[in-house]
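Trainee: There's a structure below that I have some questions on.
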Amino acid sequence: MISILFVCHGNICRSPMAEFLLKDMVQKLGVARNFHIASAATSTEEIGNPVHYGTRNKLAAYGISVAGKTAVQMKKQDYKAYDYLIGMDDANIRNMRRIAGGDAEGKIYKLLEFAGSRRDIADPWYTGNFDETYDDIVEGCEALLKHIKEHLQ
């Protein structure tokens with residue numbers, strides 16, 4: 001089983017978008033049973049809050065539900081529990097390393113690294129552009145799946 005934790009600042013926009021997009025992708029590929037996919041925040045600001053309406057609406061347009069998801073914070077023990085801990089921007093990566101106590105096993109990545117880019121996933125909380133965020137997350141998730149497939153063979 002491959003375990004993936006997506007992480008952003010509040011766990012209401014980008015990381016749940018990535019979580020539910022990737023869950024949908026692996027379901028459609030018929031390999032969902034091989035994955036455990038979740039998301040979390042680096043901050044405590046949104047803990048317990050539901051997914052932002054912009055993310056809910058964007059995913060719903062593709063038939064993807066986020067029902068029941070509420071924001072949780074990344075914990076130190078998540079580093080041992082997950083194979084991939086994937087942040088959305090440089091600030092997330094710094095905070096993830098702080099929470100985890102470093103990255104001794106090289107498990108922390110920025111999502112678009114898998115697509116050969118150092119770009120951040122723009123935070124739609126500030127930009128209001130959920131379309132751009134969605135497109136970047138699709139690009140990153142497709143590249144992540146390709147990376148995983150190549151490293152399993």
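In the structure tokens, the first chain shown is A, the next is B, and so on; residue numbers restart at 1 for each chain, and ligands run from 1 in the order shown.
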Dump as CSV the rows for residues of region 1-43 of chain A within 7 Å of region 65-72 of chain A: closest atom pair and distance in Å with one decimal, only C-alpha atoms counted, ordered by chain and rising residue number.

Mentor:
residue,atom,partner,partner_atom,distance
A:Gly10,CA,A:Ala71,CA,7.0
A:Asn11,CA,A:Ala71,CA,5.0
A:Ile12,CA,A:Ala71,CA,6.1
A:Phe20,CA,A:Val66,CA,6.7
A:Ala40,CA,A:Val72,CA,5.1
A:Ala41,CA,A:Val72,CA,6.0

Trainee: Region 13-120 of chain A near region 139-143 of chain A within 8 Å: what's each residue's closest atom pair and its distance in Å to one decimal, counting only C-alpha atoms, ordered by chain then ascending residue number, as a tab-separated table?

Mentor:
residue	atom	partner	partner_atom	distance
A:Ala18	CA	A:Cys141	CA	7.2
A:Leu21	CA	A:Cys141	CA	7.8
A:Leu22	CA	A:Cys141	CA	6.2
A:Leu111	CA	A:Gly140	CA	5.4
A:Leu112	CA	A:Gly140	CA	4.9
A:Glu113	CA	A:Gly140	CA	7.6
A:Phe114	CA	A:Ala143	CA	5.2
A:Ala115	CA	A:Ala143	CA	5.2

Trainee: Name the closest residue to Asp120 (chain A) among the candidates A:His52, A:Arg14, A:His151, A:Lys146; distances are taken between atoms, counting only C-alpha atoms.

Mentor: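 Once distances to Asp120 (chain A) are computed over only C-alpha atoms, the minimum belongs to A:Arg14.
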
Trainee: Can you tell me, as a ChimeraX atom specification, what residues are no more than 12 Å from Gly128 (chain A) when counting only C-alpha atoms, ignoring any on the same chain fewer than 3 positions away?

Mentor: /A:13-14,52-55,58,122-125,131-134

Trainee: Please identify all polymer residues within 9 Å of Lys23 (chain A), counting only C-alpha atoms, omitting same-chain residues fewer than 2 positions from it, and present them as a PDB file with C-alpha atoms, in the first residue's frame.

Mentor:
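Generated output (out_21.pdb):
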ATOM      1  CA  ALA A  18      -5.275  17.099  -4.262  1.00  0.00           C
ATOM      2  CA  GLU A  19      -6.512  14.372  -1.904  1.00  0.00           C
ATOM      3  CA  PHE A  20      -9.871  13.934  -3.583  1.00  0.00           C
ATOM      4  CA  LEU A  21      -8.544  14.392  -7.125  1.00  0.00           C
ATOM      5  CA  MET A  25      -7.803   9.183 -10.390  1.00  0.00           C
ATOM      6  CA  VAL A  26      -6.750   5.922  -8.698  1.00  0.00           C
ATOM      7  CA  GLN A  27     -10.394   4.808  -8.487  1.00  0.00           C
ATOM      8  CA  LYS A  28     -10.818   5.327 -12.238  1.00  0.00           C
ATOM      9  CA  ALA A  32      -7.556   2.523  -5.337  1.00  0.00           C
ATOM     10  CA  PHE A  35      -3.404   3.584  -1.998  1.00  0.00           C
ATOM     11  CA  HIS A  36      -4.103   5.379   1.251  1.00  0.00           C
ATOM     12  CA  ILE A  37      -4.552   9.096   0.479  1.00  0.00           C
ATOM     13  CA  ALA A  38      -5.240  11.868   2.992  1.00  0.00           C
TER      14      ALA A  38
END

Trainee: Excluding Gly101 (chain A) and its own-chain neighbours fewer than 5 positions away, which residues fall within 9 Å of it when counting only C-alpha atoms? Please give them as a PDB file with N, CA, C and O atoms, in the first residue's frame.

Mentor:
ATOM      1  N   LYS A  76       3.697  14.984  13.913  1.00  0.00           N
ATOM      2  CA  LYS A  76       5.043  14.428  13.779  1.00  0.00           C
ATOM      3  C   LYS A  76       5.005  12.961  13.341  1.00  0.00           C
ATOM      4  O   LYS A  76       5.770  12.544  12.479  1.00  0.00           O
ATOM      5  N   TYR A  79       5.003  11.484   9.611  1.00  0.00           N
ATOM      6  CA  TYR A  79       6.214  11.242   8.815  1.00  0.00           C
ATOM      7  C   TYR A  79       6.488   9.744   8.700  1.00  0.00           C
ATOM      8  O   TYR A  79       6.842   9.258   7.636  1.00  0.00           O
ATOM      9  N   MET A  96       6.366  21.673   7.142  1.00  0.00           N
ATOM     10  CA  MET A  96       6.288  20.210   7.220  1.00  0.00           C
ATOM     11  C   MET A  96       7.571  19.650   7.821  1.00  0.00           C
ATOM     12  O   MET A  96       7.525  18.751   8.671  1.00  0.00           O
TER      13      MET A  96
END

Trainee: When you look at Ser15 (chain A) with a cut-off of 6 Å (counting only C-alpha atoms), what residues show up, excluding the ones that are within fewer than 4 positions of it in the same chain? I need them as a PyMOL selection string.

Mentor: chain A and resi 6-8+11+39
